[in-house]
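As stored in protein11.txt (compact mmCIF, C-alpha atoms and all ligand atoms):
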```txt
# COMPACT_ATOMS: atom_id res chain seq x y z
CA MET A 208 -0.47 76.66 -43.97
CA LEU A 209 1.70 76.22 -40.89
CA ASP A 210 -1.39 76.74 -38.74
CA GLY A 211 -2.99 73.64 -40.21
CA ARG A 212 0.14 71.51 -39.73
CA ILE A 213 0.50 72.66 -36.10
CA GLN A 214 -3.11 71.76 -35.31
CA GLU A 215 -2.85 68.39 -37.03
CA LEU A 216 0.43 67.56 -35.27
CA GLU A 217 -1.00 68.63 -31.91
CA SER A 218 -4.02 66.40 -32.12
CA SER A 219 -2.14 63.35 -33.46
CA LEU A 220 0.61 63.68 -30.84
CA LEU A 221 -1.92 64.11 -28.02
CA ALA A 222 -3.73 60.99 -29.20
CA ARG A 223 -0.48 58.98 -29.19
CA ILE A 224 0.37 60.22 -25.71
CA THR A 225 -3.02 59.12 -24.46
CA SER A 226 -2.63 55.64 -25.91
CA ALA A 227 1.07 55.15 -24.97
CA ARG A 228 1.58 51.99 -22.90
CA SER A 229 5.12 52.30 -21.72
CA ALA A 230 7.67 54.88 -20.63
CA GLU A 231 9.72 54.03 -23.74
CA GLU A 232 6.76 54.71 -26.02
CA LEU A 233 6.16 58.03 -24.26
CA GLU A 234 9.79 59.04 -24.62
CA ALA A 235 9.67 58.23 -28.35
CA VAL A 236 6.68 60.57 -28.78
CA ARG A 237 8.52 63.28 -26.86
CA VAL A 238 11.61 63.05 -29.07
CA GLU A 239 9.49 62.96 -32.22
CA ALA A 240 7.57 66.10 -31.15
CA LEU A 241 10.07 68.20 -29.25
CA GLY A 242 13.51 66.73 -30.03
CA ARG A 243 16.10 69.51 -30.36
CA LYS A 244 17.13 68.75 -33.90
CA GLU A 245 14.47 66.64 -35.58
CA GLY A 246 11.40 67.21 -33.40
CA ALA A 247 8.36 67.98 -35.64
CA LEU A 248 7.41 71.11 -33.64
CA THR A 249 11.07 72.22 -33.40
CA LEU A 250 11.33 72.05 -37.19
CA ILE A 251 8.19 74.19 -37.58
CA GLY A 252 9.81 76.76 -35.24
CA LYS A 253 12.77 76.92 -37.61
CA GLU A 254 10.49 77.47 -40.61
CA MET A 255 8.86 80.49 -38.93
CA GLY A 256 11.73 82.76 -39.98
CA LYS A 257 10.36 82.62 -43.52
CA LEU A 258 6.93 83.98 -42.49
CA ALA A 259 5.77 87.49 -43.00
CA PRO A 260 6.08 89.45 -39.70
CA GLU A 261 2.28 89.78 -39.35
CA ASP A 262 1.88 85.96 -39.51
CA ARG A 263 4.85 85.18 -37.29
CA LYS A 264 3.18 86.36 -34.08
CA ARG A 265 0.02 84.32 -34.61
CA VAL A 266 1.82 81.15 -35.68
CA GLY A 267 4.35 81.57 -32.82
CA ALA A 268 1.52 81.72 -30.29
CA LEU A 269 -0.13 78.67 -31.83
CA LEU A 270 3.16 76.73 -31.79
CA ASN A 271 3.91 77.62 -28.15
CA GLY A 272 0.40 76.65 -27.14
CA ALA A 273 0.82 73.29 -28.89
CA LYS A 274 4.21 72.68 -27.24
CA GLN A 275 2.83 73.49 -23.79
CA LYS A 276 -0.15 71.20 -24.23
CA ILE A 277 2.08 68.37 -25.40
CA GLU A 278 4.58 68.88 -22.57
CA ALA A 279 1.74 68.95 -20.05
CA ALA A 280 0.22 65.78 -21.55
CA LEU A 281 3.61 64.02 -21.50
CA GLU A 282 4.15 64.93 -17.89
CA SER A 283 0.74 63.90 -16.68
CA LYS A 284 0.85 60.60 -18.60
CA GLY A 285 4.36 59.94 -17.21
CA ARG A 286 3.08 60.49 -13.66
CA GLN A 287 0.10 58.23 -14.27
CA MET A 288 2.41 55.49 -15.46
CA ALA A 289 4.75 55.83 -12.47
CA ASP A 290 1.76 55.71 -10.08
CA ALA A 291 0.39 52.57 -11.74
CA GLY A 292 3.84 50.93 -11.62
CA LEU A 293 4.14 51.74 -7.93
CA ARG A 294 0.70 50.28 -7.23
CA VAL A 295 1.63 47.04 -8.99
CA ARG A 296 4.86 46.78 -6.98
CA LEU A 297 3.12 47.57 -3.72
CA ASP A 298 0.53 44.89 -4.41
CA ALA A 299 3.21 42.35 -5.29
CA GLU A 300 5.66 43.14 -2.53
CA TRP A 301 3.19 43.71 0.26
CA ILE A 302 4.13 42.08 3.52
CA ASP A 303 1.85 41.79 6.51
CA LEU A 304 4.22 42.49 9.37
CA THR A 305 1.56 41.50 11.88
CA LEU A 306 1.50 37.87 10.67
CA PRO A 307 3.20 35.39 13.03
CA ALA A 308 6.64 34.37 11.74
CA PRO A 309 6.91 30.81 10.37
CA GLY A 310 8.47 28.60 13.03
CA PRO A 311 11.77 26.81 12.44
CA ARG A 312 11.38 23.54 10.44
CA ARG A 313 11.42 20.67 12.88
CA GLY A 314 13.17 17.45 12.02
CA HIS A 315 12.00 14.06 13.23
CA LEU A 316 13.35 10.61 13.90
CA HIS A 317 14.11 8.20 11.08
CA PRO A 318 11.71 5.22 11.00
CA MET A 319 14.65 2.91 11.76
CA THR A 320 15.48 4.92 14.87
CA HIS A 321 11.85 4.66 16.03
CA ILE A 322 11.88 0.88 15.75
CA GLN A 323 15.31 0.56 17.33
CA ARG A 324 14.32 2.72 20.31
CA GLU A 325 11.03 0.88 20.81
CA LEU A 326 12.82 -2.47 20.87
CA GLU A 327 15.51 -1.16 23.21
CA GLU A 328 12.88 0.10 25.65
CA LEU A 329 10.96 -3.16 25.48
CA PHE A 330 13.99 -5.35 26.15
CA VAL A 331 15.38 -3.06 28.83
CA SER A 332 12.00 -3.37 30.59
CA MET A 333 12.56 -7.16 30.58
CA GLY A 334 16.00 -6.93 32.15
CA PHE A 335 18.16 -6.91 29.01
CA THR A 336 21.29 -4.76 28.72
CA VAL A 337 21.84 -2.77 25.51
CA LEU A 338 25.34 -3.34 24.14
CA ASP A 339 27.17 -1.61 21.36
CA GLY A 340 29.84 -3.16 19.16
CA PRO A 341 32.17 -1.78 16.51
CA GLU A 342 31.26 -1.84 12.82
CA VAL A 343 34.84 -2.79 12.01
CA GLU A 344 35.27 -6.24 13.54
CA THR A 345 37.93 -8.88 13.83
CA GLU A 346 37.61 -12.06 11.83
CA TYR A 347 37.70 -13.92 15.14
CA ARG A 348 34.56 -12.33 16.60
CA ASN A 349 32.61 -12.13 13.33
CA PHE A 350 33.32 -15.77 12.37
CA ASP A 351 35.66 -17.99 14.47
CA ALA A 352 34.15 -17.37 17.90
CA LEU A 353 30.73 -18.07 16.37
CA ASN A 354 31.77 -21.55 15.32
CA ILE A 355 31.75 -20.54 11.65
CA PRO A 356 34.25 -22.80 9.92
CA ALA A 357 37.19 -21.32 8.01
CA THR A 358 35.73 -22.71 4.81
CA HIS A 359 32.23 -21.24 5.29
CA PRO A 360 31.00 -19.40 2.16
CA ALA A 361 29.93 -16.35 4.23
CA ARG A 362 33.62 -15.51 4.62
CA ASP A 363 33.95 -15.28 0.86
CA ALA A 364 34.85 -11.86 -0.54
CA GLN A 365 31.52 -11.98 -2.36
CA ASP A 366 29.68 -11.73 0.95
CA THR A 367 32.12 -9.93 3.23
CA PHE A 368 33.83 -6.56 2.88
CA TRP A 369 37.38 -7.37 3.97
CA LEU A 370 39.63 -4.57 5.17
CA GLU A 371 43.37 -4.26 5.08
CA GLY A 372 45.04 -6.07 7.96
CA GLY A 373 42.50 -8.93 8.05
CA ASN A 374 39.65 -7.03 9.75
CA LEU A 375 36.24 -6.71 8.15
CA LEU A 376 32.97 -4.74 8.18
CA ARG A 377 30.79 -6.91 10.39
CA THR A 378 28.35 -8.95 8.37
CA HIS A 379 25.90 -9.35 11.27
CA THR A 380 25.44 -8.17 14.85
CA SER A 381 26.29 -11.64 16.20
CA PRO A 382 29.91 -10.67 17.09
CA VAL A 383 28.35 -8.52 19.83
CA GLN A 384 27.09 -11.80 21.38
CA VAL A 385 30.73 -12.73 21.77
CA ARG A 386 31.59 -9.33 23.24
CA GLY A 387 28.57 -9.66 25.57
CA MET A 388 29.60 -13.08 26.85
CA GLU A 389 33.19 -11.88 27.34
CA LYS A 390 32.08 -8.73 29.16
CA LEU A 391 29.06 -9.81 31.21
CA GLY A 392 29.56 -13.54 31.84
CA PRO A 393 26.56 -15.77 32.72
CA PRO A 394 23.72 -15.29 33.46
CA LEU A 395 23.13 -12.55 30.91
CA ARG A 396 20.43 -10.89 28.86
CA MET A 397 21.61 -8.54 26.17
CA ILE A 398 20.51 -6.92 22.94
CA ALA A 399 22.76 -5.19 20.41
CA PRO A 400 21.27 -3.02 17.68
CA GLY A 401 23.55 -1.93 14.88
CA ARG A 402 24.50 -1.50 11.27
CA VAL A 403 25.88 -4.41 9.30
CA PHE A 404 27.37 -4.73 5.83
CA ARG A 405 27.28 -7.37 3.12
CA ASN A 406 28.90 -7.46 -0.24
CA GLU A 407 25.77 -8.47 -2.11
CA SER A 408 23.62 -7.24 -4.93
CA VAL A 409 20.85 -4.90 -3.95
CA ASP A 410 17.15 -5.34 -4.76
CA ALA A 411 13.75 -4.47 -3.25
CA SER A 412 14.47 -6.47 -0.06
CA HIS A 413 18.30 -6.68 0.02
CA GLU A 414 20.65 -3.84 0.97
CA HIS A 415 24.42 -3.92 1.25
CA THR A 416 24.09 -1.89 4.45
CA PHE A 417 21.22 -2.62 6.82
CA TYR A 418 20.32 -2.88 10.51
CA GLN A 419 19.90 -5.84 12.79
CA ILE A 420 19.18 -6.32 16.46
CA GLU A 421 20.97 -9.14 18.15
CA GLY A 422 19.45 -10.66 21.25
CA MET A 423 20.93 -13.18 23.63
CA MET A 424 19.95 -14.73 26.91
CA VAL A 425 22.19 -17.16 28.80
CA ASP A 426 20.95 -18.76 31.98
CA ARG A 427 20.24 -22.17 33.45
CA ASN A 428 17.78 -24.41 31.57
CA ILE A 429 17.02 -22.06 28.70
CA SER A 430 14.91 -23.77 26.04
CA VAL A 431 13.18 -23.05 22.75
CA ALA A 432 10.09 -22.13 24.78
CA HIS A 433 11.96 -19.09 26.19
CA LEU A 434 13.01 -18.06 22.69
CA LEU A 435 9.42 -18.28 21.39
CA TYR A 436 8.10 -16.35 24.38
CA PHE A 437 10.39 -13.38 23.70
CA MET A 438 9.78 -13.53 19.92
CA ARG A 439 6.05 -13.26 20.49
CA ILE A 440 6.40 -10.32 22.89
CA MET A 441 8.69 -8.56 20.44
CA LEU A 442 6.43 -8.93 17.41
CA THR A 443 3.31 -7.90 19.33
CA ALA A 444 5.09 -4.78 20.57
CA ILE A 445 6.16 -3.79 17.07
CA PHE A 446 2.96 -4.51 15.15
CA HIS A 447 0.33 -4.01 17.89
CA ARG A 448 -1.74 -6.74 16.23
CA ASP A 449 -1.58 -10.41 15.32
CA VAL A 450 0.77 -11.15 12.46
CA ASN A 451 1.27 -14.51 10.80
CA VAL A 452 4.69 -16.01 11.40
CA ARG A 453 6.31 -19.24 10.35
CA LEU A 454 9.22 -20.90 12.09
CA ARG A 455 11.30 -23.26 10.00
CA PRO A 456 14.59 -25.02 10.59
CA GLY A 457 17.56 -22.84 9.68
CA TYR A 458 21.24 -23.54 9.72
CA PHE A 459 23.58 -21.16 11.53
CA PRO A 460 26.81 -22.69 12.91
CA PHE A 461 26.41 -20.74 16.17
CA VAL A 462 23.05 -22.20 17.19
CA GLU A 463 21.69 -25.70 17.59
CA PRO A 464 18.84 -26.18 16.89
CA GLY A 465 18.56 -23.19 14.54
CA PHE A 466 15.47 -21.57 13.06
CA GLU A 467 14.46 -18.92 10.66
CA LEU A 468 11.40 -16.85 11.44
CA ASP A 469 9.43 -15.51 8.49
CA LEU A 470 6.67 -12.94 8.60
CA GLN A 471 3.77 -13.23 6.22
CA CYS A 472 4.41 -10.36 3.80
CA LEU A 473 2.39 -7.38 5.03
CA LEU A 474 2.83 -5.57 1.72
CA CYS A 475 0.83 -8.06 -0.34
CA GLY A 476 -0.96 -9.92 2.47
CA GLY A 477 0.82 -13.10 1.42
CA SER A 478 -0.34 -13.18 -2.19
CA GLY A 479 3.13 -12.49 -3.62
CA CYS A 480 5.04 -9.32 -4.59
CA PRO A 481 8.62 -8.21 -5.45
CA VAL A 482 9.47 -7.71 -1.74
CA CYS A 483 8.66 -11.32 -0.77
CA LYS A 484 9.83 -12.54 -4.17
CA GLN A 485 6.30 -13.83 -4.85
CA SER A 486 6.58 -16.30 -1.93
CA GLY A 487 4.20 -14.51 0.45
CA TRP A 488 6.81 -14.69 3.26
CA VAL A 489 9.67 -12.39 4.28
CA GLU A 490 12.68 -13.68 6.22
CA GLN A 491 12.87 -11.61 9.40
CA MET A 492 15.35 -13.29 11.68
CA GLY A 493 17.61 -16.17 12.41
CA CYS A 494 17.51 -17.66 15.91
CA GLY A 495 18.12 -20.77 17.98
CA LEU A 496 19.76 -22.17 21.08
CA VAL A 497 23.36 -21.09 21.49
CA HIS A 498 25.77 -23.78 20.27
CA PRO A 499 27.85 -25.31 23.13
CA ASN A 500 31.05 -24.52 21.19
CA VAL A 501 30.15 -20.82 21.16
CA LEU A 502 29.55 -20.77 24.91
CA ARG A 503 32.77 -22.68 25.51
CA MET A 504 34.87 -20.37 23.28
CA SER A 505 33.72 -17.38 25.33
CA GLY A 506 34.56 -19.11 28.60
CA ILE A 507 31.04 -20.28 29.58
CA ASP A 508 30.50 -23.89 30.65
CA PRO A 509 27.79 -25.43 28.40
CA GLU A 510 27.16 -28.15 31.00
CA GLU A 511 25.89 -25.52 33.41
CA TRP A 512 24.53 -22.80 31.13
CA SER A 513 22.40 -22.68 28.02
CA GLY A 514 20.99 -19.83 26.03
CA PHE A 515 19.06 -18.57 23.07
CA ALA A 516 20.10 -15.98 20.51
CA PHE A 517 18.40 -14.20 17.66
CA GLY A 518 19.39 -11.76 14.95
CA LEU A 519 16.44 -9.70 13.70
CA GLY A 520 16.63 -7.71 10.45
CA ILE A 521 15.09 -4.43 11.54
CA THR A 522 15.37 -2.74 8.15
CA ARG A 523 12.99 -5.37 6.79
CA LEU A 524 10.88 -5.06 9.91
CA ALA A 525 10.49 -1.32 9.19
CA MET A 526 9.35 -2.20 5.65
CA MET A 527 6.66 -4.49 7.03
CA ARG A 528 5.55 -2.10 9.70
CA TYR A 529 5.31 1.00 7.52
CA GLY A 530 4.36 -0.70 4.23
CA ILE A 531 7.56 0.32 2.42
CA ASP A 532 7.89 -1.61 -0.82
CA ASP A 533 11.57 -0.98 -1.53
CA ILE A 534 14.35 -1.31 1.07
CA ARG A 535 16.52 1.24 -0.80
CA LEU A 536 14.13 4.04 0.16
CA LEU A 537 15.15 3.74 3.82
CA GLN A 538 18.70 4.86 3.26
CA GLY A 539 18.17 6.91 0.10
CA GLY A 540 17.98 10.21 2.00
CA ASP A 541 15.07 11.45 -0.13
CA LEU A 542 13.22 14.00 2.02
CA ARG A 543 9.94 13.45 0.14
CA PHE A 544 10.03 9.87 1.46
CA LEU A 545 11.34 10.65 4.95
CA GLU A 546 8.88 13.47 5.61
CA GLN A 547 6.03 10.94 5.62
CA PHE A 548 7.09 9.52 8.97
C1 LIG B 601 22.25 -13.68 10.50
O1 LIG B 601 22.74 -12.59 10.19
C2 LIG B 601 22.48 -14.31 11.83
N1 LIG B 601 23.55 -13.62 12.50
C3 LIG B 601 21.21 -14.27 12.64
C4 LIG B 601 21.26 -15.12 13.88
C5 LIG B 601 21.58 -14.52 15.09
C6 LIG B 601 20.94 -16.46 13.83
C7 LIG B 601 21.61 -15.28 16.26
C8 LIG B 601 20.97 -17.22 14.97
C9 LIG B 601 21.31 -16.65 16.17
P1 LIG B 601 20.80 -13.85 8.35
O2 LIG B 601 21.88 -13.72 7.37
O3 LIG B 601 19.67 -14.75 7.98
O4 LIG B 601 21.32 -14.33 9.74
O5 LIG B 601 20.20 -12.38 8.61
C10 LIG B 601 19.27 -12.14 9.63
C11 LIG B 601 18.18 -11.21 9.13
O6 LIG B 601 18.77 -10.02 8.59
C12 LIG B 601 17.36 -11.79 7.96
O7 LIG B 601 16.34 -12.61 8.43
C13 LIG B 601 16.84 -10.54 7.32
O8 LIG B 601 15.72 -10.02 8.02
C14 LIG B 601 17.99 -9.57 7.50
N2 LIG B 601 18.81 -9.49 6.29
C15 LIG B 601 19.72 -10.39 5.84
N3 LIG B 601 20.29 -9.95 4.70
C16 LIG B 601 19.74 -8.76 4.43
C17 LIG B 601 19.93 -7.78 3.40
N4 LIG B 601 20.83 -7.95 2.43
N5 LIG B 601 19.20 -6.65 3.44
C18 LIG B 601 18.31 -6.46 4.44
N6 LIG B 601 18.09 -7.32 5.44
C19 LIG B 601 18.79 -8.46 5.43
```
Represent the structure from my file as structure tokens, please.
Amino acid sequence: MLDGRIQELESSLLARITSARSAEELEAVRVEALGRKEGALTLIGKEMGKLAPEDRKRVGALLNGAKQKIEAALESKGRQMADAGLRVRLDAEWIDLTLPAPGPRRGHLHPMTHIQRELEELFVSMGFTVLDGPEVETEYRNFDALNIPATHPARDAQDTFWLEGGNLLRTHTSPVQVRGMEKLGPPLRMIAPGRVFRNESVDASHEHTFYQIEGMMVDRNISVAHLLYFMRIMLTAIFHRDVNVRLRPGYFPFVEPGFELDLQCLLCGGSGCPVCKQSGWVEQMGCGLVHPNVLRMSGIDPEEWSGFAFGLGITRLAMMRYGIDDIRLLQGGDLRFLEQF
């Protein structure tokens, strides 16, 4: 009777070993068959004491044979599994050491820096000096020396970030005109790129922090014709093609006459979009002939000298040049945006 049970157990255990799919499953079969206390074959061994001596030898041989076959099957299946596992890992973790190493990730210039540098090079090639001014300015240079009356709304806390002690974050690059006149004296040609700040609500074309380039030329007999000449050279250099511009009268206390130069919106081609507020035109710069009071306050005789000045919004210029439909993207720091340039 034991003979039959041994043969049955042997074939069912061997079948389970063959079909086992994991090391855990294999171990369970091992414990079930050969476990020291409850293993099925171990239990049969214990029952053998009850057999007649003439049967004991035969059944003992049968049982040992079954144990050996099962142990051998467990071992070979275990090895197979380990080999397969190793193959999977080798396939997954394979590294080709002969491949060239990836190079270091290279950064690049911000689109604003590109435009600023291009304009600096252009103006330097025409004899202009590049000046720098502080972002924290005095009220005198940001407003008074530019003939901006004490009651002018631009001084309002809604437009200007005032600092303790009466200084402010410059609201435009025009105070560098004043520094330029003080430092260089006439005749002079200067530009001043830089960051400016305004306490205003932000939308697709308005930032609280943006960039301008100031330009100024003081010499004898400077007229609007000189201003227009340099404007045209500047726009051609930036856009490398004809762009539609419109010059309209504009009021700035530091120039007379004063103009505003608009660019036909290059995002919508002039048909109207959120950037141009559906008008088809984007305000790019203020400009004009330097007001005699401004020259006088910086120690330059307006009877002898005249000049032009402009303040170009280069953050908006970058939007037009690169087709950027929201000014906030330029300072957002999002690499997915910046990596396109
Ligand atoms: C000025 O800042 C004058 N200082 C310009 C000037 C200089 C006039 C010299 C005459 C002589 P305005 O506030 O218009 O002017 O700004 C000049 C340009 O800066 C605008 O045409 C526009 O292109 C840009 N700009 C103004 N406000 C913002 C803003 N919130 N966000 C982005 N760009 C702006």
Could you list, as a short mmCIF file (atom, residue, chain, number, x, y, z; two decimals) with C-alpha atoms, in the coordinates of the input, all the residues within 7 Å of ligand LIG 601 (chain B), counting only C-alpha atoms and all ligand atoms?
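Dumped to result.cif:
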```
data_model
loop_
_atom_site.label_atom_id
_atom_site.label_comp_id
_atom_site.auth_asym_id
_atom_site.auth_seq_id
_atom_site.Cartn_x
_atom_site.Cartn_y
_atom_site.Cartn_z
CA THR A 378 28.35 -8.95 8.37
CA HIS A 379 25.90 -9.35 11.27
CA THR A 380 25.44 -8.17 14.85
CA SER A 381 26.29 -11.64 16.20
CA ARG A 405 27.28 -7.37 3.12
CA GLU A 407 25.77 -8.47 -2.11
CA SER A 412 14.47 -6.47 -0.06
CA HIS A 413 18.30 -6.68 0.02
CA GLU A 414 20.65 -3.84 0.97
CA HIS A 415 24.42 -3.92 1.25
CA THR A 416 24.09 -1.89 4.45
CA PHE A 417 21.22 -2.62 6.82
CA GLN A 419 19.90 -5.84 12.79
CA GLU A 421 20.97 -9.14 18.15
CA PHE A 459 23.58 -21.16 11.53
CA PHE A 461 26.41 -20.74 16.17
CA VAL A 462 23.05 -22.20 17.19
CA GLY A 465 18.56 -23.19 14.54
CA GLU A 467 14.46 -18.92 10.66
CA GLU A 490 12.68 -13.68 6.22
CA GLN A 491 12.87 -11.61 9.40
CA MET A 492 15.35 -13.29 11.68
CA GLY A 493 17.61 -16.17 12.41
CA CYS A 494 17.51 -17.66 15.91
CA GLY A 495 18.12 -20.77 17.98
CA ALA A 516 20.10 -15.98 20.51
CA PHE A 517 18.40 -14.20 17.66
CA GLY A 518 19.39 -11.76 14.95
CA LEU A 519 16.44 -9.70 13.70
CA GLY A 520 16.63 -7.71 10.45
CA ILE A 521 15.09 -4.43 11.54
CA THR A 522 15.37 -2.74 8.15
CA ARG A 523 12.99 -5.37 6.79
#
```
Q: For each of A:Gly539, A:Val295, A:Ile213, A:Pro460, take the minimum atom-to-atom distance to His359 in chain A, counting all atoms listed in the file, then give the residue where this is smallest.
A: A:Pro460
List as a tab-separated table every residue of range 420-478 of chain A that is in contact with range 313-330 of chain A, defined as an atom at most 8 Å from one of its atoms (using all atoms listed in the file), together with the nearest atom pair and the distance in Å rounded to one decimal, sorted by chain and then rising number.
```
residue	atom	partner	partner_atom	distance
A:Ile420	CA	A:Gln323	CA	7.9
A:Met441	CA	A:Leu326	CA	7.4
A:Ala444	CA	A:Leu329	CA	7.8
A:Ile445	CA	A:Ile322	CA	7.5
```
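CA of Gly487 in chain A is positioned 7.3 Å from CA of Cys475 in chain A.
Between CA of Asp508 in chain A and CA of Asp426 in chain A there is a distance of 10.9 Å.
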Q.
Considering only C-alpha atoms, can you say which of A:Leu269, A:Leu306, A:Leu496, A:Ile507 comes closest to Leu391 in chain A?
A. A:Ile507
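Taking CA of Met504 in chain A and CA of Leu353 in chain A as the two end points, the separation is 8.4 Å.
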**Q.** Selection near Phe368 in chain A, 12 Å with all atoms listed in the file, sequence-local residues under 2 positions removed, as a PyMOL selection string
**A.** chain A and resi 342-346+349+361-366+370-371+373-379+403-407+415-416
Got time to write the residues from that selection, C-alpha atoms, as a PDB file, keeping the file's coordinate frame?
```pdb
ATOM      1  CA  GLU A 342      31.260  -1.840  12.820  1.00  0.00           C
ATOM      2  CA  VAL A 343      34.840  -2.790  12.010  1.00  0.00           C
ATOM      3  CA  GLU A 344      35.270  -6.240  13.540  1.00  0.00           C
ATOM      4  CA  THR A 345      37.930  -8.880  13.830  1.00  0.00           C
ATOM      5  CA  GLU A 346      37.610 -12.060  11.830  1.00  0.00           C
ATOM      6  CA  ASN A 349      32.610 -12.130  13.330  1.00  0.00           C
ATOM      7  CA  ALA A 361      29.930 -16.350   4.230  1.00  0.00           C
ATOM      8  CA  ARG A 362      33.620 -15.510   4.620  1.00  0.00           C
ATOM      9  CA  ASP A 363      33.950 -15.280   0.860  1.00  0.00           C
ATOM     10  CA  ALA A 364      34.850 -11.860  -0.540  1.00  0.00           C
ATOM     11  CA  GLN A 365      31.520 -11.980  -2.360  1.00  0.00           C
ATOM     12  CA  ASP A 366      29.680 -11.730   0.950  1.00  0.00           C
ATOM     13  CA  LEU A 370      39.630  -4.570   5.170  1.00  0.00           C
ATOM     14  CA  GLU A 371      43.370  -4.260   5.080  1.00  0.00           C
ATOM     15  CA  GLY A 373      42.500  -8.930   8.050  1.00  0.00           C
ATOM     16  CA  ASN A 374      39.650  -7.030   9.750  1.00  0.00           C
ATOM     17  CA  LEU A 375      36.240  -6.710   8.150  1.00  0.00           C
ATOM     18  CA  LEU A 376      32.970  -4.740   8.180  1.00  0.00           C
ATOM     19  CA  ARG A 377      30.790  -6.910  10.390  1.00  0.00           C
ATOM     20  CA  THR A 378      28.350  -8.950   8.370  1.00  0.00           C
ATOM     21  CA  HIS A 379      25.900  -9.350  11.270  1.00  0.00           C
ATOM     22  CA  VAL A 403      25.880  -4.410   9.300  1.00  0.00           C
ATOM     23  CA  PHE A 404      27.370  -4.730   5.830  1.00  0.00           C
ATOM     24  CA  ARG A 405      27.280  -7.370   3.120  1.00  0.00           C
ATOM     25  CA  ASN A 406      28.900  -7.460  -0.240  1.00  0.00           C
ATOM     26  CA  GLU A 407      25.770  -8.470  -2.110  1.00  0.00           C
ATOM     27  CA  HIS A 415      24.420  -3.920   1.250  1.00  0.00           C
ATOM     28  CA  THR A 416      24.090  -1.890   4.450  1.00  0.00           C
TER      29      THR A 416
END
```
Q: Please provide as a ChimeraX atom specification all residues within 8 Å of range 528-530 of chain A, with the sequence filter that same-chain residues fewer than 3 positions apart are discarded (counting only C-alpha atoms).
A: /A:445-446,473-474,524-525
Q. Counting all atoms listed in the file, which of A:Ile355, A:Leu220, A:Val331, A:Ile302 gets nearest to Gly246 in chain A?
A. A:Leu220
Q | Point (1.9, 79.4, -33.6), cut-off 12 Å, counting all atoms listed in the file, residues as number ranges by chain | A | A: 208-214, 217, 248-249, 251-255, 258, 261-275
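Checking A:Tyr347, A:Trp369, A:Trp512, A:Tyr458 one by one against Asn428 in chain A, counting only C-alpha atoms, you find the shortest gap at A:Trp512.
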Q: Write out as a ChimeraX atom specification which residues come within 8 Å of Phe335 in chain A when counting all atoms listed in the file, dropping same-chain ones fewer than 5 positions away.
A: /A:330,395-398
Output the selection as a PDB file, in the coordinates of the input - C-alpha atoms for each residue.
```
ATOM      1  CA  PHE A 330      13.990  -5.350  26.150  1.00  0.00           C
ATOM      2  CA  LEU A 395      23.130 -12.550  30.910  1.00  0.00           C
ATOM      3  CA  ARG A 396      20.430 -10.890  28.860  1.00  0.00           C
ATOM      4  CA  MET A 397      21.610  -8.540  26.170  1.00  0.00           C
ATOM      5  CA  ILE A 398      20.510  -6.920  22.940  1.00  0.00           C
TER       6      ILE A 398
END
```
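Taking only C-alpha atoms, the non-local environment of Trp488 in chain A within 7 Å (same-chain residues fewer than 4 positions away omitted) comprises Asp469, Leu470, Gln471, Cys472, Gly477 and Cys483 of chain A.
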Serialized selection, C-alpha atoms, as a short mmCIF file (atom, residue, chain, number, x, y, z; two decimals), keeping the file's coordinate frame:
```cif
data_model
loop_
_atom_site.label_atom_id
_atom_site.label_comp_id
_atom_site.auth_asym_id
_atom_site.auth_seq_id
_atom_site.Cartn_x
_atom_site.Cartn_y
_atom_site.Cartn_z
CA ASP A 469 9.43 -15.51 8.49
CA LEU A 470 6.67 -12.94 8.60
CA GLN A 471 3.77 -13.23 6.22
CA CYS A 472 4.41 -10.36 3.80
CA GLY A 477 0.82 -13.10 1.42
CA CYS A 483 8.66 -11.32 -0.77
#
```
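Minimum distance to Leu435 in chain A across A:Leu454, A:Val409, A:Met423, A:Leu545 (counting all atoms listed in the file) occurs at A:Leu454.
The residue that comes closest to Glu389 in chain A, out of A:Arg228, A:Arg243, A:Arg503, A:Arg294 and on the basis of all atoms listed in the file, is A:Arg503.
Selecting by distance to (18.0, -23.2, 25.4) with a limit of 7 Å and using only C-alpha atoms, one obtains Asn428, Ile429, Ser430, Val431, Leu496, Val497, Ser513, Gly514 and Phe515 of chain A.
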Requested write-out: C-alpha atoms of the selected residues, as a PDB file, in the coordinates of the input:
```pdb
ATOM      1  CA  ASN A 428      17.780 -24.410  31.570  1.00  0.00           C
ATOM      2  CA  ILE A 429      17.020 -22.060  28.700  1.00  0.00           C
ATOM      3  CA  SER A 430      14.910 -23.770  26.040  1.00  0.00           C
ATOM      4  CA  VAL A 431      13.180 -23.050  22.750  1.00  0.00           C
ATOM      5  CA  LEU A 496      19.760 -22.170  21.080  1.00  0.00           C
ATOM      6  CA  VAL A 497      23.360 -21.090  21.490  1.00  0.00           C
ATOM      7  CA  SER A 513      22.400 -22.680  28.020  1.00  0.00           C
ATOM      8  CA  GLY A 514      20.990 -19.830  26.030  1.00  0.00           C
ATOM      9  CA  PHE A 515      19.060 -18.570  23.070  1.00  0.00           C
TER      10      PHE A 515
END
```
